[in-house]
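*Asks:* Would you mind keeping the following structure in view while I ask a few things?
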Protein chains: 2
Amino acid sequence: MSAPRSLEALIDALRKLPGVGTRSASRMAMHLLQHDRSGAEVLARALQQAAASVRHCSRCYTFTEQEVCDTCLDTTRDATRLCVVETPADQLAMERTGAFQGLYFVLMGRLSPLDGIGPREIGLHKLMDRACDGIVQEVILATSFTAEGEATAHVLSEALKTRGLRVTRLARGVPVGSEIEYVDLGTIAHALADRR
Amino acid sequence: MSAPRSLEALIDALRKLPGVGTRSASRMAMHLLQHDRSGAEVLARALQQAAASVRHCSRCYTFTEQEVCDTCLDTTRDATRLCVVETPADQLAMERTGAFQGLYFVLMGRLSPLDGIGPREIGLHKLMDRACDGIVQEVILATSFTAEGEATAHVLSEALKTRGLRVTRLARGVPVGSEIEYVDLGTIAHALADRR
Ligand SMILES: [Zn+2]
Ligand SMILES: [Zn+2]
């Protein structure tokens, strides 16, 4: 005795999602079949629709359904500043601050030599072409403050500086709302060094 | 600026899966679009295929693609014993032991009054009809050994006994491979009371 073949196939497909093991794939499949068949249909159509229509903006490489995304097309933005982020989610977070009026370049990853993700995979050449359009004056590196994100920022910074561009990095420091007592020591040390 | 509409729709649909929040739904969608578009297609088809072809066995209520499942159709099994489990996964676990040759009834849940899951939702009437076919002599309750699973077993047991059926329950006891020192006290007490 075993599960029906189409149920096995569904569990296999769900298990390929990041962070989903056999047990949770099985729970998801059971839930959909037992309680939410219309949810299964909606998810199937959403997958097909997104796979068919989402592509990368030819200028900033973020996800879009157009050749060039709305942000890149927005002529009211400051085209002299280019902010480099790892993912579309990071770009959205920057936008939500309302503090940045320039344009973006989305790496769609960060350097991770152990995983085979080098300068080519994160589009270093595309970024160099984009940043050297003669309009961009400052490139703001907003990659993560992790080992990989810092290494990425370092490599990009070296490459961009050779082209005479001004390269800056988001400030490290104590997060807003933190009590000093609970902030990790490395952060305090950086905040002290970068005091203003 | 916001994510493309079809990407938003995909994240929304993924977020409806059990155990998936906004953040992991977003990570799943990004992963599929960035690294595994064929995986998105495979998952979409698996969802549609399973939703279209998986139904409940008319005799034991487990998932099957047939009117009556292979297990219920298997004439070599002992039709005098009926094992009641909560889910198809529990049924598979019982089958893998190789220790049970009888038939099954799958509740597809357990009593949970706070969630509105009462005797009707777990198919008490269907179970009574099934168990009173004149062939079944013993009903083995293999619901979970949790508060809800025990309550379910109690209610089923009371109902089945009124029809003159022999009702048994899986033994509680010390799991195979356990050191007594690390077994919880309730389990030890039950194993002592049920000693043999
Ligand atoms: Zn763009
Ligand atoms: Zn059946």
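Quick note on naming: the chains in the structure tokens go A, B, ... in the order shown, residues restart at 1 in each chain, and ligands are numbered from 1 in order of appearance.
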Where does chain B meet chain A within 9 Å, residue by residue, with the nearest atom pair and distance in Å to one decimal for each, counting only C-alpha atoms, listed by chain and rising number, as a Markdown table?

*Replies:*
| residue | atom | partner | partner_atom | distance |
| --- | --- | --- | --- | --- |
| B:Met1 | CA | A:Thr71 | CA | 6.5 |
| B:Ser2 | CA | A:Leu92 | CA | 6.9 |
| B:Ala3 | CA | A:Phe63 | CA | 7.3 |
| B:Pro4 | CA | A:Thr64 | CA | 5.4 |
| B:Arg5 | CA | A:Glu65 | CA | 8.2 |
| B:Ser6 | CA | A:Ala50 | CA | 5.0 |
| B:Leu7 | CA | A:Ala50 | CA | 5.7 |
| B:Glu8 | CA | A:Ala50 | CA | 9.0 |
| B:Ala9 | CA | A:Ala46 | CA | 6.2 |
| B:Leu10 | CA | A:Ala46 | CA | 4.9 |
| B:Ile11 | CA | A:Ala46 | CA | 8.7 |
| B:Asp12 | CA | A:Leu43 | CA | 8.7 |
| B:Ala13 | CA | A:Leu43 | CA | 5.1 |
| B:Leu14 | CA | A:Leu43 | CA | 6.7 |
| B:Lys16 | CA | A:Gly39 | CA | 7.5 |
| B:Leu17 | CA | A:Met28 | CA | 6.0 |
| B:Pro18 | CA | A:Met28 | CA | 5.9 |
| B:Gly19 | CA | A:Ser24 | CA | 8.0 |
| B:Ser24 | CA | A:Gly19 | CA | 8.0 |
| B:Ser26 | CA | A:Ala89 | CA | 8.3 |
| B:Arg27 | CA | A:Pro18 | CA | 7.5 |
| B:Met28 | CA | A:Pro18 | CA | 5.9 |
| B:Ala29 | CA | A:Leu47 | CA | 8.6 |
| B:Met30 | CA | A:Pro88 | CA | 8.7 |
| B:His31 | CA | A:Pro18 | CA | 7.3 |
| B:Leu32 | CA | A:Leu17 | CA | 7.8 |
| B:Leu33 | CA | A:Ala51 | CA | 6.3 |
| B:Gln34 | CA | A:Met108 | CA | 8.0 |
| B:Arg37 | CA | A:Ala51 | CA | 6.0 |
| B:Ser38 | CA | A:Ala51 | CA | 8.5 |
| B:Gly39 | CA | A:Ala13 | CA | 7.2 |
| B:Ala40 | CA | A:Leu47 | CA | 5.8 |
| B:Glu41 | CA | A:Gln48 | CA | 6.2 |
| B:Val42 | CA | A:Ala13 | CA | 6.7 |
| B:Leu43 | CA | A:Ala13 | CA | 5.1 |
| B:Ala44 | CA | A:Ala44 | CA | 4.1 |
| B:Arg45 | CA | A:Ala44 | CA | 6.9 |
| B:Ala46 | CA | A:Leu10 | CA | 4.9 |
| B:Leu47 | CA | A:Ala40 | CA | 5.8 |
| B:Gln48 | CA | A:Glu41 | CA | 6.2 |
| B:Gln49 | CA | A:Ser6 | CA | 6.3 |
| B:Ala50 | CA | A:Ser6 | CA | 5.0 |
| B:Ala51 | CA | A:Arg37 | CA | 6.0 |
| B:Ala52 | CA | A:Arg37 | CA | 9.0 |
| B:Ser53 | CA | A:Ser6 | CA | 7.3 |
| B:Val54 | CA | A:Leu7 | CA | 7.1 |
| B:Arg55 | CA | A:Leu33 | CA | 8.2 |
| B:Phe63 | CA | A:Pro4 | CA | 7.0 |
| B:Thr64 | CA | A:Pro4 | CA | 5.4 |
| B:Glu65 | CA | A:Pro4 | CA | 6.2 |
| B:Asp70 | CA | A:Met1 | CA | 7.3 |
| B:Thr71 | CA | A:Met1 | CA | 6.5 |
| B:Thr87 | CA | A:Met30 | CA | 8.9 |
| B:Pro88 | CA | A:Ala3 | CA | 7.9 |
| B:Ala89 | CA | A:Ser26 | CA | 8.4 |
| B:Leu92 | CA | A:Ser2 | CA | 6.9 |
| B:Glu95 | CA | A:Met1 | CA | 7.2 |
| B:Arg96 | CA | A:Met1 | CA | 8.9 |
| B:Met108 | CA | A:Gln34 | CA | 7.9 |

*Asks:* List the neighbours of range 142-159 of chain A out to 10 Å using only C-alpha atoms; skip same-chain residues closer than 2 positions along the sequence, and give me the result as a PyMOL selection string.

*Replies:* chain A and resi 83-87+90-91+94+106-107+109-113+118-119+122+124-125+127-128+139-140+161-172

*Asks:* Onto chain B, please fit chain A by least squares using all C-alpha atoms in order, then return the transformed chain as a PDB file with C-alpha atoms, in the first residue's frame.

*Replies:*
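To be explicit, this is the file written out as result-v7.pdb:
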ATOM      1  CA  MET A   1       7.741  51.024  -6.472  1.00  0.00           C
ATOM      2  CA  SER A   2       6.430  47.538  -5.676  1.00  0.00           C
ATOM      3  CA  ALA A   3       6.972  43.945  -6.794  1.00  0.00           C
ATOM      4  CA  PRO A   4       5.430  42.875 -10.131  1.00  0.00           C
ATOM      5  CA  ARG A   5       1.776  41.951  -9.735  1.00  0.00           C
ATOM      6  CA  SER A   6       2.194  38.291 -10.707  1.00  0.00           C
ATOM      7  CA  LEU A   7       5.010  37.959  -8.159  1.00  0.00           C
ATOM      8  CA  GLU A   8       2.804  39.476  -5.434  1.00  0.00           C
ATOM      9  CA  ALA A   9       0.028  37.037  -6.374  1.00  0.00           C
ATOM     10  CA  LEU A  10       2.435  34.101  -6.159  1.00  0.00           C
ATOM     11  CA  ILE A  11       3.660  35.183  -2.704  1.00  0.00           C
ATOM     12  CA  ASP A  12       0.028  35.532  -1.542  1.00  0.00           C
ATOM     13  CA  ALA A  13      -0.851  32.034  -2.768  1.00  0.00           C
ATOM     14  CA  LEU A  14       2.228  30.455  -1.161  1.00  0.00           C
ATOM     15  CA  ARG A  15       1.478  32.209   2.131  1.00  0.00           C
ATOM     16  CA  LYS A  16      -1.779  30.257   2.391  1.00  0.00           C
ATOM     17  CA  LEU A  17       0.167  27.003   2.790  1.00  0.00           C
ATOM     18  CA  PRO A  18       0.282  25.712   6.381  1.00  0.00           C
ATOM     19  CA  GLY A  19       3.405  26.853   8.213  1.00  0.00           C
ATOM     20  CA  VAL A  20       4.385  29.422   5.582  1.00  0.00           C
ATOM     21  CA  GLY A  21       4.611  33.102   6.554  1.00  0.00           C
ATOM     22  CA  THR A  22       5.183  36.160   4.377  1.00  0.00           C
ATOM     23  CA  ARG A  23       8.953  35.898   4.649  1.00  0.00           C
ATOM     24  CA  SER A  24       9.228  32.255   3.612  1.00  0.00           C
ATOM     25  CA  ALA A  25       6.571  32.696   0.904  1.00  0.00           C
ATOM     26  CA  SER A  26       8.693  35.488  -0.506  1.00  0.00           C
ATOM     27  CA  ARG A  27      11.837  33.349  -0.330  1.00  0.00           C
ATOM     28  CA  MET A  28      10.070  30.466  -2.101  1.00  0.00           C
ATOM     29  CA  ALA A  29       8.781  32.737  -4.873  1.00  0.00           C
ATOM     30  CA  MET A  30      12.210  34.335  -5.408  1.00  0.00           C
ATOM     31  CA  HIS A  31      13.855  30.915  -5.480  1.00  0.00           C
ATOM     32  CA  LEU A  32      11.430  29.553  -8.082  1.00  0.00           C
ATOM     33  CA  LEU A  33      11.715  32.600 -10.338  1.00  0.00           C
ATOM     34  CA  GLN A  34      15.461  32.990  -9.998  1.00  0.00           C
ATOM     35  CA  HIS A  35      16.674  29.389  -9.933  1.00  0.00           C
ATOM     36  CA  ASP A  36      13.927  26.904 -10.721  1.00  0.00           C
ATOM     37  CA  ARG A  37      11.279  27.952 -13.256  1.00  0.00           C
ATOM     38  CA  SER A  38      10.847  24.378 -14.379  1.00  0.00           C
ATOM     39  CA  GLY A  39      10.214  23.496 -10.713  1.00  0.00           C
ATOM     40  CA  ALA A  40       7.437  26.102 -10.706  1.00  0.00           C
ATOM     41  CA  GLU A  41       5.875  24.455 -13.768  1.00  0.00           C
ATOM     42  CA  VAL A  42       6.191  20.973 -12.258  1.00  0.00           C
ATOM     43  CA  LEU A  43       4.599  22.140  -8.996  1.00  0.00           C
ATOM     44  CA  ALA A  44       1.751  23.878 -10.851  1.00  0.00           C
ATOM     45  CA  ARG A  45       0.939  20.734 -12.837  1.00  0.00           C
ATOM     46  CA  ALA A  46       1.237  18.509  -9.740  1.00  0.00           C
ATOM     47  CA  LEU A  47      -1.240  20.736  -7.896  1.00  0.00           C
ATOM     48  CA  GLN A  48      -3.752  20.599 -10.730  1.00  0.00           C
ATOM     49  CA  GLN A  49      -3.308  16.872 -11.266  1.00  0.00           C
ATOM     50  CA  ALA A  50      -3.734  16.031  -7.570  1.00  0.00           C
ATOM     51  CA  ALA A  51      -6.690  18.383  -7.092  1.00  0.00           C
ATOM     52  CA  ALA A  52      -8.390  16.806 -10.106  1.00  0.00           C
ATOM     53  CA  SER A  53      -7.751  13.149  -9.374  1.00  0.00           C
ATOM     54  CA  VAL A  54      -7.374  12.564  -5.634  1.00  0.00           C
ATOM     55  CA  ARG A  55     -10.601  11.742  -3.793  1.00  0.00           C
ATOM     56  CA  HIS A  56     -11.703   9.782  -0.749  1.00  0.00           C
ATOM     57  CA  CYS A  57     -12.168   6.004  -0.812  1.00  0.00           C
ATOM     58  CA  SER A  58     -15.903   5.364  -0.383  1.00  0.00           C
ATOM     59  CA  ARG A  59     -15.184   2.578   2.144  1.00  0.00           C
ATOM     60  CA  CYS A  60     -12.258   3.754   4.304  1.00  0.00           C
ATOM     61  CA  TYR A  61     -12.153   7.449   3.401  1.00  0.00           C
ATOM     62  CA  THR A  62      -8.389   7.513   2.732  1.00  0.00           C
ATOM     63  CA  PHE A  63      -7.007   9.401  -0.273  1.00  0.00           C
ATOM     64  CA  THR A  64      -7.203   7.422  -3.508  1.00  0.00           C
ATOM     65  CA  GLU A  65      -7.639   7.962  -7.224  1.00  0.00           C
ATOM     66  CA  GLN A  66     -10.273   5.195  -7.394  1.00  0.00           C
ATOM     67  CA  GLU A  67     -13.850   4.768  -6.103  1.00  0.00           C
ATOM     68  CA  VAL A  68     -12.536   2.160  -3.643  1.00  0.00           C
ATOM     69  CA  CYS A  69      -8.838   2.070  -2.701  1.00  0.00           C
ATOM     70  CA  ASP A  70      -6.484  -0.848  -3.329  1.00  0.00           C
ATOM     71  CA  THR A  71      -6.324  -1.727   0.370  1.00  0.00           C
ATOM     72  CA  CYS A  72     -10.098  -2.042   0.685  1.00  0.00           C
ATOM     73  CA  LEU A  73     -10.187  -4.103  -2.520  1.00  0.00           C
ATOM     74  CA  ASP A  74      -7.486  -6.491  -1.295  1.00  0.00           C
ATOM     75  CA  THR A  75      -9.339  -9.746  -0.513  1.00  0.00           C
ATOM     76  CA  THR A  76      -6.284 -11.294   1.148  1.00  0.00           C
ATOM     77  CA  ARG A  77      -6.626  -8.912   4.105  1.00  0.00           C
ATOM     78  CA  ASP A  78      -8.392  -9.785   7.356  1.00  0.00           C
ATOM     79  CA  ALA A  79     -11.779  -8.056   7.060  1.00  0.00           C
ATOM     80  CA  THR A  80     -12.713  -8.870  10.678  1.00  0.00           C
ATOM     81  CA  ARG A  81     -10.276  -6.244  11.998  1.00  0.00           C
ATOM     82  CA  LEU A  82     -10.672  -2.524  11.355  1.00  0.00           C
ATOM     83  CA  CYS A  83      -7.959  -0.068  12.401  1.00  0.00           C
ATOM     84  CA  VAL A  84      -9.039   3.548  12.920  1.00  0.00           C
ATOM     85  CA  VAL A  85      -6.359   6.182  12.210  1.00  0.00           C
ATOM     86  CA  GLU A  86      -6.411   9.958  12.024  1.00  0.00           C
ATOM     87  CA  THR A  87      -4.660  10.493   8.692  1.00  0.00           C
ATOM     88  CA  PRO A  88      -3.404   8.691   5.565  1.00  0.00           C
ATOM     89  CA  ALA A  89       0.125   9.330   6.924  1.00  0.00           C
ATOM     90  CA  ASP A  90      -0.728   7.404  10.094  1.00  0.00           C
ATOM     91  CA  GLN A  91      -2.158   4.618   7.934  1.00  0.00           C
ATOM     92  CA  LEU A  92       1.116   4.449   5.966  1.00  0.00           C
ATOM     93  CA  ALA A  93       3.084   4.244   9.232  1.00  0.00           C
ATOM     94  CA  MET A  94       0.897   1.319  10.391  1.00  0.00           C
ATOM     95  CA  GLU A  95       1.405  -0.407   7.034  1.00  0.00           C
ATOM     96  CA  ARG A  96       5.157   0.005   7.183  1.00  0.00           C
ATOM     97  CA  THR A  97       5.256  -1.989  10.422  1.00  0.00           C
ATOM     98  CA  GLY A  98       3.987  -5.007   8.495  1.00  0.00           C
ATOM     99  CA  ALA A  99       2.250  -6.041  11.732  1.00  0.00           C
ATOM    100  CA  PHE A 100      -1.353  -5.423  10.723  1.00  0.00           C
ATOM    101  CA  GLN A 101      -3.242  -7.397   8.082  1.00  0.00           C
ATOM    102  CA  GLY A 102      -6.723  -5.954   8.586  1.00  0.00           C
ATOM    103  CA  LEU A 103      -8.512  -2.999   7.002  1.00  0.00           C
ATOM    104  CA  TYR A 104      -8.589   0.710   7.868  1.00  0.00           C
ATOM    105  CA  PHE A 105     -10.873   3.625   8.475  1.00  0.00           C
ATOM    106  CA  VAL A 106      -9.286   7.077   8.148  1.00  0.00           C
ATOM    107  CA  LEU A 107     -10.930   9.843  10.182  1.00  0.00           C
ATOM    108  CA  MET A 108      -9.148  12.617   8.287  1.00  0.00           C
ATOM    109  CA  GLY A 109      -8.788  14.462  11.581  1.00  0.00           C
ATOM    110  CA  ARG A 110      -9.553  14.122  15.251  1.00  0.00           C
ATOM    111  CA  LEU A 111     -12.023  15.699  17.620  1.00  0.00           C
ATOM    112  CA  SER A 112     -11.150  19.308  18.341  1.00  0.00           C
ATOM    113  CA  PRO A 113     -14.226  21.094  19.710  1.00  0.00           C
ATOM    114  CA  LEU A 114     -12.406  24.432  19.914  1.00  0.00           C
ATOM    115  CA  ASP A 115     -11.770  24.262  16.154  1.00  0.00           C
ATOM    116  CA  GLY A 116     -15.338  23.198  15.440  1.00  0.00           C
ATOM    117  CA  ILE A 117     -14.303  19.611  14.640  1.00  0.00           C
ATOM    118  CA  GLY A 118     -16.931  17.369  16.219  1.00  0.00           C
ATOM    119  CA  PRO A 119     -18.096  13.777  15.695  1.00  0.00           C
ATOM    120  CA  ARG A 120     -19.784  14.691  12.393  1.00  0.00           C
ATOM    121  CA  GLU A 121     -16.608  16.255  10.924  1.00  0.00           C
ATOM    122  CA  ILE A 122     -14.527  13.148  11.612  1.00  0.00           C
ATOM    123  CA  GLY A 123     -17.224  10.924  10.079  1.00  0.00           C
ATOM    124  CA  LEU A 124     -18.493   9.078  13.169  1.00  0.00           C
ATOM    125  CA  HIS A 125     -21.637   7.979  11.302  1.00  0.00           C
ATOM    126  CA  LYS A 126     -19.610   6.673   8.362  1.00  0.00           C
ATOM    127  CA  LEU A 127     -17.389   4.761  10.785  1.00  0.00           C
ATOM    128  CA  MET A 128     -20.427   3.239  12.538  1.00  0.00           C
ATOM    129  CA  ASP A 129     -21.857   2.116   9.177  1.00  0.00           C
ATOM    130  CA  ARG A 130     -18.497   0.703   8.120  1.00  0.00           C
ATOM    131  CA  ALA A 131     -17.817  -1.103  11.425  1.00  0.00           C
ATOM    132  CA  CYS A 132     -21.317  -2.609  11.548  1.00  0.00           C
ATOM    133  CA  ASP A 133     -21.071  -4.430   8.217  1.00  0.00           C
ATOM    134  CA  GLY A 134     -21.494  -7.767  10.007  1.00  0.00           C
ATOM    135  CA  ILE A 135     -17.932  -8.829   9.161  1.00  0.00           C
ATOM    136  CA  VAL A 136     -15.848  -6.548  11.387  1.00  0.00           C
ATOM    137  CA  GLN A 137     -15.387  -8.055  14.862  1.00  0.00           C
ATOM    138  CA  GLU A 138     -12.686  -5.853  16.358  1.00  0.00           C
ATOM    139  CA  VAL A 139     -12.030  -2.138  15.968  1.00  0.00           C
ATOM    140  CA  ILE A 140      -8.485  -1.067  16.863  1.00  0.00           C
ATOM    141  CA  LEU A 141      -8.224   2.609  17.775  1.00  0.00           C
ATOM    142  CA  ALA A 142      -4.878   3.996  16.579  1.00  0.00           C
ATOM    143  CA  THR A 143      -5.508   7.705  17.110  1.00  0.00           C
ATOM    144  CA  SER A 144      -2.727   9.848  18.578  1.00  0.00           C
ATOM    145  CA  PHE A 145      -1.730   9.635  22.215  1.00  0.00           C
ATOM    146  CA  THR A 146      -2.391  13.334  22.674  1.00  0.00           C
ATOM    147  CA  ALA A 147      -5.270  14.961  24.557  1.00  0.00           C
ATOM    148  CA  GLU A 148      -7.325  15.308  21.367  1.00  0.00           C
ATOM    149  CA  GLY A 149      -6.425  11.852  20.091  1.00  0.00           C
ATOM    150  CA  GLU A 150      -7.354  10.273  23.438  1.00  0.00           C
ATOM    151  CA  ALA A 151     -10.663  12.174  23.539  1.00  0.00           C
ATOM    152  CA  THR A 152     -11.384  10.973  20.011  1.00  0.00           C
ATOM    153  CA  ALA A 153     -10.607   7.381  20.963  1.00  0.00           C
ATOM    154  CA  HIS A 154     -12.878   7.676  24.001  1.00  0.00           C
ATOM    155  CA  VAL A 155     -15.866   8.968  22.005  1.00  0.00           C
ATOM    156  CA  LEU A 156     -15.420   6.374  19.243  1.00  0.00           C
ATOM    157  CA  SER A 157     -14.992   3.600  21.785  1.00  0.00           C
ATOM    158  CA  GLU A 158     -18.247   4.461  23.607  1.00  0.00           C
ATOM    159  CA  ALA A 159     -20.188   4.605  20.339  1.00  0.00           C
ATOM    160  CA  LEU A 160     -18.743   1.376  18.924  1.00  0.00           C
ATOM    161  CA  LYS A 161     -19.264  -0.614  22.122  1.00  0.00           C
ATOM    162  CA  THR A 162     -23.012   0.106  22.037  1.00  0.00           C
ATOM    163  CA  ARG A 163     -23.044  -1.936  18.806  1.00  0.00           C
ATOM    164  CA  GLY A 164     -21.466  -4.929  20.524  1.00  0.00           C
ATOM    165  CA  LEU A 165     -18.106  -4.573  18.787  1.00  0.00           C
ATOM    166  CA  ARG A 166     -14.810  -5.429  20.485  1.00  0.00           C
ATOM    167  CA  VAL A 167     -12.862  -2.164  20.775  1.00  0.00           C
ATOM    168  CA  THR A 168      -9.120  -2.078  21.506  1.00  0.00           C
ATOM    169  CA  ARG A 169      -6.486   0.653  21.677  1.00  0.00           C
ATOM    170  CA  LEU A 170      -2.792   0.578  20.751  1.00  0.00           C
ATOM    171  CA  ALA A 171      -0.763  -0.066  23.904  1.00  0.00           C
ATOM    172  CA  ARG A 172       0.877   2.840  25.658  1.00  0.00           C
ATOM    173  CA  GLY A 173       4.390   2.154  26.852  1.00  0.00           C
ATOM    174  CA  VAL A 174       8.096   2.838  26.676  1.00  0.00           C
ATOM    175  CA  PRO A 175       9.260   3.411  23.081  1.00  0.00           C
ATOM    176  CA  VAL A 176      11.602   0.748  21.710  1.00  0.00           C
ATOM    177  CA  GLY A 177      15.221   1.906  22.100  1.00  0.00           C
ATOM    178  CA  SER A 178      14.529   4.244  25.044  1.00  0.00           C
ATOM    179  CA  GLU A 179      16.554   4.477  28.230  1.00  0.00           C
ATOM    180  CA  ILE A 180      14.111   4.561  31.148  1.00  0.00           C
ATOM    181  CA  GLU A 181      15.893   7.564  32.659  1.00  0.00           C
ATOM    182  CA  TYR A 182      14.872   9.761  29.745  1.00  0.00           C
ATOM    183  CA  VAL A 183      11.268   8.580  29.313  1.00  0.00           C
ATOM    184  CA  ASP A 184       8.589  10.959  30.613  1.00  0.00           C
ATOM    185  CA  LEU A 185       6.957   9.941  33.869  1.00  0.00           C
ATOM    186  CA  GLY A 186       3.423   9.590  32.508  1.00  0.00           C
ATOM    187  CA  THR A 187       4.659   7.068  29.946  1.00  0.00           C
ATOM    188  CA  ILE A 188       6.509   5.070  32.617  1.00  0.00           C
ATOM    189  CA  ALA A 189       3.404   5.047  34.827  1.00  0.00           C
ATOM    190  CA  HIS A 190       1.261   3.750  31.945  1.00  0.00           C
ATOM    191  CA  ALA A 191       3.852   1.144  31.000  1.00  0.00           C
ATOM    192  CA  LEU A 192       3.899  -0.040  34.596  1.00  0.00           C
ATOM    193  CA  ALA A 193       0.110  -0.287  34.797  1.00  0.00           C
ATOM    194  CA  ASP A 194      -0.059  -2.134  31.458  1.00  0.00           C
ATOM    195  CA  ARG A 195       2.898  -4.444  32.264  1.00  0.00           C
ATOM    196  CA  ARG A 196       2.659  -7.948  30.839  1.00  0.00           C
TER     197      ARG A 196
END

*Asks:* Would you return as a ChimeraX atom specification the members of chain A that DSSP assigns to alpha helix (DSSP H) on this structure's backbone?

*Replies:* /A:5-15,22-35,37-53,70-73,88-97,124-131,147-161,185-193

*Asks:* DSSP on the backbone, then: every residue of chain A marked strand (DSSP E), written as an MDAnalysis selection string.

*Replies:* chainID A and resid 55:56 63:64 78:85 102:106 138:141 166:169

*Asks:* Those same residues - N, CA and C atoms - I'd like them written as an mmCIF file, in the first residue's frame.

*Replies:*
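Heads up, here's the output in part_14.cif:
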data_model
loop_
_atom_site.group_PDB
_atom_site.id
_atom_site.type_symbol
_atom_site.label_atom_id
_atom_site.label_comp_id
_atom_site.auth_asym_id
_atom_site.auth_seq_id
_atom_site.Cartn_x
_atom_site.Cartn_y
_atom_site.Cartn_z
ATOM 1 N N ARG A 55 10.128 38.767 -15.470
ATOM 2 C CA ARG A 55 11.494 38.711 -16.001
ATOM 3 C C ARG A 55 12.334 39.777 -15.322
ATOM 4 N N HIS A 56 13.582 39.910 -15.768
ATOM 5 C CA HIS A 56 14.468 40.896 -15.163
ATOM 6 C C HIS A 56 14.458 42.198 -15.961
ATOM 7 N N PHE A 63 13.040 42.173 -10.587
ATOM 8 C CA PHE A 63 11.925 41.480 -11.212
ATOM 9 C C PHE A 63 10.915 42.502 -11.729
ATOM 10 N N THR A 64 10.410 42.283 -12.916
ATOM 11 C CA THR A 64 9.408 43.154 -13.510
ATOM 12 C C THR A 64 8.644 42.364 -14.553
ATOM 13 N N ASP A 78 16.477 60.662 -9.065
ATOM 14 C CA ASP A 78 17.826 61.211 -9.201
ATOM 15 C C ASP A 78 18.744 60.179 -9.856
ATOM 16 N N ALA A 79 19.008 60.351 -11.150
ATOM 17 C CA ALA A 79 19.770 59.348 -11.903
ATOM 18 C C ALA A 79 21.266 59.416 -11.635
ATOM 19 N N THR A 80 21.711 60.363 -10.786
ATOM 20 C CA THR A 80 23.147 60.449 -10.487
ATOM 21 C C THR A 80 23.535 59.501 -9.356
ATOM 22 N N ARG A 81 22.514 58.954 -8.647
ATOM 23 C CA ARG A 81 22.808 58.037 -7.547
ATOM 24 C C ARG A 81 22.242 56.656 -7.849
ATOM 25 N N LEU A 82 23.118 55.642 -7.658
ATOM 26 C CA LEU A 82 22.731 54.263 -7.947
ATOM 27 C C LEU A 82 22.960 53.432 -6.681
ATOM 28 N N CYS A 83 21.895 52.815 -6.186
ATOM 29 C CA CYS A 83 21.998 52.005 -4.971
ATOM 30 C C CYS A 83 22.050 50.529 -5.354
ATOM 31 N N VAL A 84 23.080 49.827 -4.879
ATOM 32 C CA VAL A 84 23.250 48.415 -5.205
ATOM 33 C C VAL A 84 22.734 47.556 -4.051
ATOM 34 N N VAL A 85 21.733 46.704 -4.337
ATOM 35 C CA VAL A 85 21.168 45.821 -3.318
ATOM 36 C C VAL A 85 21.285 44.379 -3.775
ATOM 37 N N GLY A 102 17.178 57.947 -5.645
ATOM 38 C CA GLY A 102 17.950 57.565 -6.821
ATOM 39 C C GLY A 102 17.439 56.291 -7.475
ATOM 40 N N LEU A 103 18.310 55.651 -8.247
ATOM 41 C CA LEU A 103 17.956 54.420 -8.955
ATOM 42 C C LEU A 103 18.660 53.224 -8.310
ATOM 43 N N TYR A 104 18.354 52.029 -8.808
ATOM 44 C CA TYR A 104 18.866 50.803 -8.181
ATOM 45 C C TYR A 104 19.582 49.912 -9.178
ATOM 46 N N PHE A 105 20.420 49.039 -8.626
ATOM 47 C CA PHE A 105 20.896 47.878 -9.364
ATOM 48 C C PHE A 105 20.777 46.681 -8.429
ATOM 49 N N VAL A 106 20.094 45.638 -8.882
ATOM 50 C CA VAL A 106 19.830 44.466 -8.034
ATOM 51 C C VAL A 106 20.739 43.315 -8.459
ATOM 52 N N GLU A 138 27.485 58.641 -8.003
ATOM 53 C CA GLU A 138 27.739 57.954 -6.737
ATOM 54 C C GLU A 138 27.050 56.590 -6.737
ATOM 55 N N VAL A 139 27.797 55.572 -6.317
ATOM 56 C CA VAL A 139 27.211 54.243 -6.155
ATOM 57 C C VAL A 139 27.172 53.931 -4.667
ATOM 58 N N ILE A 140 25.954 53.667 -4.154
ATOM 59 C CA ILE A 140 25.777 53.380 -2.733
ATOM 60 C C ILE A 140 25.623 51.878 -2.563
ATOM 61 N N LEU A 141 26.552 51.260 -1.843
ATOM 62 C CA LEU A 141 26.513 49.811 -1.667
ATOM 63 C C LEU A 141 25.645 49.458 -0.465
ATOM 64 N N ARG A 166 32.336 57.712 -7.297
ATOM 65 C CA ARG A 166 32.311 57.828 -5.843
ATOM 66 C C ARG A 166 31.533 56.620 -5.314
ATOM 67 N N VAL A 167 32.144 55.869 -4.404
ATOM 68 C CA VAL A 167 31.497 54.671 -3.866
ATOM 69 C C VAL A 167 31.285 54.845 -2.368
ATOM 70 N N THR A 168 30.053 54.673 -1.903
ATOM 71 C CA THR A 168 29.766 54.779 -0.470
ATOM 72 C C THR A 168 29.085 53.501 0.001
ATOM 73 N N ARG A 169 29.005 53.365 1.326
ATOM 74 C CA ARG A 169 28.408 52.166 1.929
ATOM 75 C C ARG A 169 27.429 52.639 2.983
#
